file input.txt (compact mmCIF, C-alpha atoms)
# COMPACT_ATOMS: atom_id res chain seq x y z
CA MET A 4 135.94 109.97 71.00
CA THR A 5 138.32 111.71 73.37
CA VAL A 6 141.19 109.78 74.94
CA GLU A 7 139.65 110.29 78.38
CA ARG A 8 136.32 108.86 77.29
CA GLU A 9 137.91 105.99 75.41
CA ARG A 10 139.71 105.04 78.59
CA SER A 11 136.45 105.13 80.56
CA VAL A 12 134.65 103.00 77.97
CA THR A 13 137.49 100.48 78.02
CA GLN A 14 137.41 100.46 81.81
CA ALA A 15 133.67 99.76 81.83
CA PHE A 16 134.02 96.75 79.55
CA VAL A 17 137.10 95.49 81.37
CA SER A 18 135.26 95.53 84.68
CA LEU A 19 132.18 93.84 83.16
CA SER A 20 134.26 91.09 81.59
CA ASN A 21 136.43 90.66 84.71
CA SER A 22 133.31 90.03 86.71
CA LEU A 23 132.25 87.34 84.24
CA VAL A 24 135.48 85.46 84.78
CA ASN A 25 136.04 86.05 88.48
CA GLY A 26 132.49 85.73 89.76
CA PHE A 27 130.38 88.69 90.71
CA ASP A 28 127.51 90.08 92.65
CA LEU A 29 124.54 90.68 90.34
CA VAL A 30 123.23 93.70 92.21
CA GLU A 31 126.64 95.31 92.12
CA LEU A 32 127.15 94.45 88.46
CA LEU A 33 123.82 96.00 87.48
CA SER A 34 124.35 99.06 89.67
CA GLY A 35 127.68 99.43 87.92
CA LEU A 36 125.95 99.18 84.55
CA THR A 37 123.61 102.08 85.35
CA ALA A 38 126.45 104.15 86.81
CA ASP A 39 128.64 103.50 83.74
CA SER A 40 125.77 104.30 81.37
CA ALA A 41 125.06 107.59 83.11
CA GLN A 42 128.73 108.50 83.04
CA LEU A 43 129.67 107.37 79.52
CA LEU A 44 126.57 108.27 77.55
CA ASP A 45 125.21 111.74 77.04
CA VAL A 46 122.44 111.29 79.63
CA ALA A 47 121.76 112.53 83.15
CA SER A 48 120.94 109.18 84.69
CA ALA A 49 120.13 105.55 84.01
CA GLY A 50 117.86 102.91 85.52
CA LEU A 51 117.32 99.21 84.98
CA LEU A 52 114.14 97.14 85.04
CA LEU A 53 114.24 93.34 85.14
CA ALA A 54 111.36 90.88 84.93
CA ASP A 55 110.83 88.14 87.51
CA LYS A 56 109.55 84.65 86.73
CA ARG A 57 105.99 85.87 86.42
CA GLY A 58 107.01 88.59 84.00
CA VAL A 59 106.52 91.33 86.59
CA LEU A 60 109.07 94.12 86.27
CA HIS A 61 111.20 95.27 89.19
CA VAL A 62 113.63 98.16 89.55
CA MET A 63 117.00 96.40 89.80
CA ALA A 64 119.37 99.32 89.77
CA ALA A 65 119.52 103.06 89.17
CA SER A 66 122.28 105.63 89.06
CA SER A 67 120.30 107.88 91.45
CA GLU A 68 117.34 107.66 93.81
CA GLY A 69 115.36 110.07 91.64
CA THR A 70 115.74 107.77 88.66
CA ARG A 71 114.87 104.75 90.78
CA ASN A 72 111.61 106.47 91.68
CA LEU A 73 110.90 107.30 88.05
CA GLU A 74 111.43 103.64 87.06
CA LEU A 75 109.24 102.53 89.97
CA PHE A 76 106.57 104.98 88.88
CA GLN A 77 106.45 103.40 85.41
CA VAL A 78 106.04 99.92 86.86
CA GLN A 79 103.35 100.98 89.33
CA ARG A 80 101.33 103.03 86.86
CA ASP A 81 101.96 100.62 84.01
CA ASP A 82 102.85 103.56 81.81
CA GLY A 83 106.14 104.67 80.27
CA PRO A 84 108.80 104.12 77.59
CA CYS A 85 110.80 101.50 79.56
CA LEU A 86 107.70 99.30 79.82
CA ASP A 87 106.99 99.66 76.11
CA CYS A 88 110.61 98.76 75.40
CA TYR A 89 110.37 95.60 77.54
CA ARG A 90 107.11 94.53 75.93
CA SER A 91 108.18 95.15 72.36
CA GLY A 92 111.76 93.97 72.84
CA SER A 93 113.05 96.89 70.79
CA ALA A 94 114.54 100.26 71.66
CA VAL A 95 112.23 103.19 72.37
CA SER A 96 113.75 106.62 71.71
CA VAL A 97 112.05 109.86 72.67
CA ALA A 98 113.99 113.02 71.88
CA ASP A 99 111.37 115.31 73.42
CA LEU A 100 108.93 113.98 76.00
CA SER A 101 106.66 117.04 75.64
CA SER A 102 105.40 115.74 72.32
CA GLU A 103 104.50 112.34 73.78
CA ALA A 104 102.10 113.33 76.57
CA GLY A 105 99.31 111.50 74.77
CA ARG A 106 101.32 108.28 74.55
CA TRP A 107 102.27 108.18 78.26
CA PRO A 108 99.74 110.41 80.05
CA GLN A 109 101.08 109.58 83.52
CA PHE A 110 104.79 109.15 82.90
CA VAL A 111 105.42 112.36 80.94
CA PRO A 112 104.27 114.79 83.69
CA ALA A 113 106.17 112.80 86.34
CA ALA A 114 109.35 112.79 84.25
CA LYS A 115 109.02 116.53 83.57
CA ALA A 116 108.60 117.18 87.28
CA ALA A 117 111.80 115.22 87.89
CA GLY A 118 113.67 117.39 85.35
CA ILE A 119 113.77 114.78 82.58
CA SER A 120 113.12 115.83 78.98
CA SER A 121 114.27 112.88 76.86
CA VAL A 122 114.32 109.11 77.31
CA HIS A 123 115.99 106.23 75.52
CA ALA A 124 115.02 102.73 76.56
CA ILE A 125 117.24 99.85 75.47
CA PRO A 126 116.11 96.22 75.75
CA MET A 127 118.11 93.66 77.72
CA ARG A 128 117.83 90.65 75.44
CA LEU A 129 119.13 87.12 75.32
CA LEU A 130 118.27 85.10 72.21
CA ASP A 131 114.48 85.30 72.05
CA ASP A 132 113.95 86.37 75.67
CA VAL A 133 113.58 89.94 76.79
CA LEU A 134 114.98 90.15 80.33
CA GLY A 135 114.25 93.80 81.01
CA ALA A 136 115.05 97.33 79.88
CA LEU A 137 117.84 99.84 80.45
CA GLY A 138 116.40 103.35 80.68
CA LEU A 139 118.58 106.35 79.81
CA PHE A 140 117.20 109.67 81.00
CA GLY A 141 118.33 113.03 79.63
CA SER A 142 117.80 116.41 81.27
CA GLY A 143 117.82 118.17 77.90
CA VAL A 144 115.76 117.71 74.74
CA GLY A 145 117.46 115.75 71.96
CA ALA A 146 118.12 112.37 70.44
CA LEU A 147 121.03 110.26 71.60
CA ASN A 148 123.65 109.99 68.86
CA GLU A 149 124.22 106.67 67.08
CA ASP A 150 127.51 105.98 68.87
CA ASP A 151 126.03 106.48 72.32
CA LEU A 152 123.02 104.35 71.46
CA SER A 153 125.15 101.43 70.23
CA LEU A 154 127.51 101.78 73.20
CA GLY A 155 124.49 101.66 75.52
CA GLN A 156 123.20 98.58 73.71
CA ALA A 157 126.62 96.92 73.93
CA LEU A 158 126.79 97.52 77.69
CA ALA A 159 123.28 96.08 78.02
CA HIS A 160 124.26 93.02 75.97
CA VAL A 161 127.28 92.23 78.12
CA ALA A 162 125.18 92.65 81.27
CA SER A 163 122.52 90.33 79.79
CA VAL A 164 125.15 87.66 79.23
CA ALA A 165 126.43 88.22 82.77
CA LEU A 166 122.93 87.62 84.12
CA VAL A 167 122.97 84.07 82.84
CA ALA A 168 126.70 83.39 83.22
CA GLY A 169 126.10 81.56 86.48
CA GLN A 170 123.84 79.18 84.60
CA ALA A 171 126.73 77.51 82.81
CA LEU A 172 128.33 76.71 86.17
CA ALA A 173 125.23 75.33 87.87
CA ASP A 174 122.87 74.21 85.15
CA LYS A 175 120.04 73.59 87.60
CA ASN A 176 119.66 77.33 87.73
CA THR A 177 117.48 78.75 85.02
CA VAL A 178 117.65 82.30 83.78
CA VAL A 179 114.60 83.24 85.80
CA GLU A 180 116.06 81.73 88.95
CA GLN A 181 119.16 83.83 88.44
CA LEU A 182 116.97 86.88 88.16
CA GLN A 183 114.95 85.86 91.21
CA ASN A 184 118.17 85.55 93.20
CA ALA A 185 119.20 88.98 92.03
CA LEU A 186 115.85 90.41 93.13
CA ASN A 187 116.19 88.74 96.53
CA SER A 188 119.64 90.22 97.05
CA ARG A 189 118.25 93.58 96.05
CA VAL A 190 115.85 93.38 99.02
CA ILE A 191 118.76 92.85 101.42
CA VAL A 192 120.75 95.67 99.84
CA GLU A 193 117.78 98.05 100.24
CA GLN A 194 117.35 97.05 103.90
CA ALA A 195 121.03 97.65 104.55
CA LYS A 196 120.80 101.05 102.81
CA GLY A 197 117.88 102.01 105.05
CA PHE A 198 119.70 100.82 108.14
CA LEU A 199 122.85 102.76 107.27
CA ALA A 200 120.84 105.83 106.24
CA HIS A 201 119.26 105.89 109.68
CA ARG A 202 122.42 105.19 111.68
CA GLY A 203 124.55 107.60 109.69
CA ALA A 204 121.89 110.28 109.01
CA LEU A 205 122.57 109.89 105.27
CA ASP A 206 120.31 109.88 102.24
CA MET A 207 119.85 106.60 100.32
CA ASP A 208 122.38 107.49 97.61
CA GLN A 209 125.05 108.21 100.22
CA ALA A 210 124.20 105.07 102.18
CA PHE A 211 124.58 102.98 99.03
CA ALA A 212 127.89 104.66 98.20
CA ARG A 213 129.27 103.74 101.65
CA LEU A 214 128.07 100.17 101.29
CA ARG A 215 129.69 99.81 97.88
CA GLN A 216 132.89 101.50 99.01
CA TYR A 217 133.19 99.14 101.98
CA ALA A 218 132.61 96.09 99.76
CA ARG A 219 135.24 97.25 97.29
CA ASN A 220 137.84 98.17 99.88
CA HIS A 221 137.45 94.83 101.65
CA ASN A 222 137.14 92.87 98.43
CA GLN A 223 133.75 91.45 99.40
CA ARG A 224 130.55 91.09 97.45
CA LEU A 225 128.00 93.84 97.89
CA THR A 226 125.23 91.44 98.90
CA ALA A 227 127.47 89.75 101.49
CA VAL A 228 128.27 93.11 103.09
CA ALA A 229 124.59 94.11 102.99
CA GLN A 230 123.63 90.82 104.64
CA ALA A 231 126.24 91.31 107.36
CA VAL A 232 125.00 94.86 108.02
CA ALA A 233 121.33 93.82 108.18
CA SER A 234 122.09 90.94 110.53
CA ARG A 235 124.35 93.18 112.71
CA GLU A 236 127.33 90.87 112.23
CA LEU A 237 129.09 93.88 110.79
CA PRO A 238 128.62 97.04 112.89
CA ALA A 239 127.12 99.90 110.88
CA GLU A 240 129.80 102.21 112.27
CA ARG A 241 132.52 100.30 110.43
CA VAL A 242 130.77 100.77 107.11
CA LEU A 243 129.96 104.39 107.83
CA ASP A 244 133.49 105.28 108.93
CA THR A 245 135.10 106.46 105.72
CA ARG A 246 138.47 106.91 107.41
CA VAL A 247 138.75 103.17 108.07
CA SER A 248 137.87 102.42 104.45
CA GLU A 249 140.47 104.88 103.20
CA ARG A 250 143.12 103.31 105.41
CA VAL A 251 142.40 99.79 104.18
CA ARG A 252 142.60 100.96 100.60
CA ALA A 253 145.86 102.77 101.23
CA GLN A 254 147.35 99.62 102.76
CA ARG A 255 146.16 97.57 99.80
CA SER A 256 147.65 99.86 97.20
CA SER A 257 150.95 100.25 99.05
CA SER A 258 151.35 96.50 99.41
CA ARG A 259 150.96 95.96 95.68
CA MET B 16 111.64 99.07 97.06
CA GLU B 17 110.90 101.90 99.49
CA VAL B 18 109.31 99.35 101.85
CA TYR B 19 112.65 97.55 102.09
CA GLN B 20 114.55 100.78 102.66
CA ALA B 21 112.01 101.78 105.31
CA THR B 22 112.32 98.33 106.90
CA GLY B 23 116.05 98.93 107.20
CA MET B 24 115.47 102.33 108.80
CA VAL B 25 113.00 100.87 111.32
CA MET B 26 115.57 98.17 112.11
CA GLY B 27 117.94 100.97 113.06
CA GLN B 28 115.33 103.03 114.92
CA LEU B 29 113.97 100.20 117.06
CA ASP B 30 117.00 97.90 117.07
CA VAL B 31 114.98 94.96 115.76
CA GLY B 32 115.38 92.44 112.95
CA PRO B 33 113.88 92.72 109.45
CA ALA B 34 110.81 90.58 110.19
CA GLU B 35 109.76 92.60 113.22
CA ALA B 36 110.57 95.89 111.49
CA LEU B 37 108.23 94.96 108.65
CA VAL B 38 105.49 93.90 111.12
CA ARG B 39 105.83 97.23 112.94
CA LEU B 40 105.61 99.12 109.65
CA ARG B 41 102.51 97.18 108.60
CA ALA B 42 100.95 97.60 112.05
CA HIS B 43 101.43 101.35 111.88
CA ALA B 44 99.84 101.37 108.43
CA PHE B 45 96.85 99.31 109.61
CA ALA B 46 96.32 101.38 112.76
CA ASN B 47 96.37 104.63 110.79
CA ASP B 48 94.46 103.38 107.77
CA LEU B 49 97.40 103.88 105.41
CA THR B 50 99.06 101.59 102.90
CA ALA B 51 102.44 100.05 103.76
CA SER B 52 103.87 102.00 100.84
CA GLU B 53 102.60 105.32 102.23
CA VAL B 54 104.09 104.60 105.64
CA ALA B 55 107.35 103.53 104.01
CA TRP B 56 107.65 106.83 102.12
CA SER B 57 107.02 108.78 105.33
CA ILE B 58 109.81 106.86 107.04
CA VAL B 59 112.27 107.13 104.15
CA GLU B 60 111.60 110.88 103.84
CA ARG B 61 112.03 111.15 107.62
CA ARG B 62 108.56 112.55 108.23
CA LEU B 63 107.82 109.58 110.49
CA SER B 64 109.90 107.71 113.02
CA LEU B 65 108.43 104.64 114.71
CA GLU B 66 108.70 104.86 118.50
CA ARG B 67 110.02 102.19 120.79
CA ASP B 68 107.19 100.44 122.58
CA ASP B 69 108.45 98.57 125.61
CA ASP B 70 105.07 96.93 126.26
CA TRP B 71 105.38 95.24 122.91
CA ARG B 72 106.85 91.79 123.36
CA GLY B 73 106.70 90.58 119.80
CA PRO B 74 104.12 88.56 117.92
CA ASP B 75 104.50 85.50 120.18
CA ALA B 76 104.35 87.31 123.54
CA GLY B 77 100.88 86.11 124.58
CA ARG B 78 101.49 82.46 123.91
CA SER B 79 103.36 81.47 127.05
CA GLN B 80 100.79 83.01 129.39

call {"tool": "encode", "arguments": {"input": "input.txt", "output": "C-alpha cells"}}
result
Amino acid sequence: MTVERERSVTQAFVSLSNSLVNGFDLVELLSGLTADSAQLLDVASAGLLLADKRGVLHVMAASSEGTRNLELFQVQRDDGPCLDCYRSGSAVSVADLSSEAGRWPQFVPAAKAAGISSVHAIPMRLLDDVLGALGLFGSGVGALNEDDLSLGQALAHVASVALVAGQALADKNTVVEQLQNALNSRVIVEQAKGFLAHRGALDMDQAFARLRQYARNHNQRLTAVAQAVASRELPAERVLDTRVSERVRAQRSSSR
Amino acid sequence: MEVYQATGMVMGQLDVGPAEALVRLRAHAFANDLTASEVAWSIVERRLSLERDDDWRGPDAGRSQ
C-alpha cells in the first residue's frame, strides 16, 4: 500500500468513526461511503442499496448518477448481482460480466452499455440481518484483489454499525425505523438536487456536490441544508455561489 | 428517485412547493398517457419543462366558489 493510499484509507475510517461519536447525517454518511469506496478501491464507481421495513430495496447513495441508475435498474427489473448479494447475505464477485449474461439477462446488457465490465457486491450486515448491499463497479475486466475486497467489507461493516448507532441513544427507534428515516431524508435531498440543478443549470452530480460543499462549509447536516433549500428558507443562490462557500471556508481555516 | 429529482426541478420551474410540483408532474403524466416515471425522466434530462399555468389555482381552487 502506498503512503498516499494509506493516508486516504485512514482518513476514510477516521471520518466514519468521527461521525459515530459526533452525530451524523445518514444520507451524507452513506454518500461518503460510496465516494470513499470508489476512490480507495480499484473500481470505477460504487452504489448502495438499503432495504426498507417491507424488505423493498432502495438506492441510498451512489458515487455517480450513472451508477445510481444502474442500481435503480437492478431494483426495478429485479435482476442483478447486488440483489443476489442482498438476498443471499454473502458477497457476489463477477470478474467478467460477459460470461454471466445467462445469470442476469437484463442487468448484463445494461451494465455493458454503461461501460461496466466487472461487479463486486458486498453485503451490509448486522448480526443476522442483511441491511442492504454495497455494489462496486469496475470499468475493466478482472477480479478485485483480496485487500480491496476486505477493505470494502470493512467500510461496509462500519457503515452498518453507523446505521444503527442512533438506536443506542433512542431505543424506541428500531433498525428499520432508522433506515426509513434515512430513506425519507433521501427524498428531500433528491428534491433539493433537482431544485438546484434547475436554478443553477447543473447536472445532478454537480448539484449534489454544491449541496454537500455548502453543508460542509457551514458545518450543517446535509439533510438540514436540503430541507432549507426545498422550503426556500435558504436561497438557492447562496448554495450555488461557490465564491461564498470558498470565503467561509477560508475564514474558518484562518481562524483555527 | 428520478421522480423526486424531477419534483425539485418543477419546484424551481414553477416556483411551487413539493406537493404541488408532484401533482403537476402526475397531471402531466395522466393527460399525456405516460407514467410518472417517464415524465420525471423527461424533466430530469431537460427534454420537458412544465409551463406556468396562471389559470391553475391549485387543487382547492373550486371549493370557495

call {"tool": "atom_distance", "arguments": {"input": "input.txt", "atom1": "atom CA of Ala210 of chain A", "atom2": "atom CA of Val59 of chain A"}}
result
27.3 Å

call {"tool": "interface_residues", "arguments": {"input": "input.txt", "of": "chain B", "to": "chain A", "cutoff": "10 Å", "atoms": "all atoms listed in the file", "output": "list in words"}}
result
Met16, Glu17, Val18, Tyr19, Gln20, Ala21, Thr22, Gly23, Met24, Val25, Met26, Gly27, Gln28, Asp30, Val31, Gly32, Pro33, Ile58, Val59, Glu60 and Arg61 of chain B

call {"tool": "residues_around", "arguments": {"input": "input.txt", "residues": "Ser142 of chain A", "least_positions_apart": "5", "cutoff": "10 Å", "atoms": "all atoms listed in the file", "output": "VMD selection string"}}
result
chain A and resid 45 to 48 114 to 115 117 to 122

call {"tool": "closest_residue", "arguments": {"input": "input.txt", "among": "A:Arg241, A:Arg10, A:Arg219, A:His160", "to": "Leu129 of chain A", "atoms": "all atoms listed in the file"}}
result
A:His160

call {"tool": "atom_distance", "arguments": {"input": "input.txt", "atom1": "atom CA of Glu31 of chain A", "atom2": "atom CA of His123 of chain A"}}
result
22.5 Å

call {"tool": "atom_distance", "arguments": {"input": "input.txt", "atom1": "atom CA of Ala65 of chain A", "atom2": "atom CA of Cys85 of chain A"}}
result
13.1 Å

call {"tool": "closest_residue", "arguments": {"input": "input.txt", "among": "B:Leu37, B:Ala51, B:Leu29, B:Ala42", "to": "Glu66 of chain B", "atoms": "only C-alpha atoms"}}
result
B:Leu29

call {"tool": "axis_aligned_box", "arguments": {"input": "input.txt", "around": "segment 130-149 of chain A", "padding_each_side": "8 Å", "output": "lines of an AutoDock Vina configuration file"}}
result
center_x = 118.9
center_y = 101.6
center_z = 74.2
size_x = 26.6
size_y = 49.1
size_z = 30.2

call {"tool": "residues_around", "arguments": {"input": "input.txt", "residues": "Leu73 of chain A", "least_positions_apart": "4", "cutoff": "12 Å", "atoms": "all atoms listed in the file", "output": "VMD selection string"}}
result
chain A and resid 48 to 52 62 64 to 69 77 to 86 109 to 119 122 138 to 140

call {"tool": "residues_around", "arguments": {"input": "input.txt", "residues": "Leu29 of chain A", "least_positions_apart": "2", "cutoff": "9 Å", "atoms": "only C-alpha atoms", "output": "list of chain:residue names"}}
result
A:Phe27, A:Glu31, A:Leu32, A:Leu33, A:Ser34, A:Ala165, A:Leu166, A:Gln181, A:Leu182, A:Asn184, A:Ala185, A:Ser188, A:Arg189, A:Leu225, A:Thr226
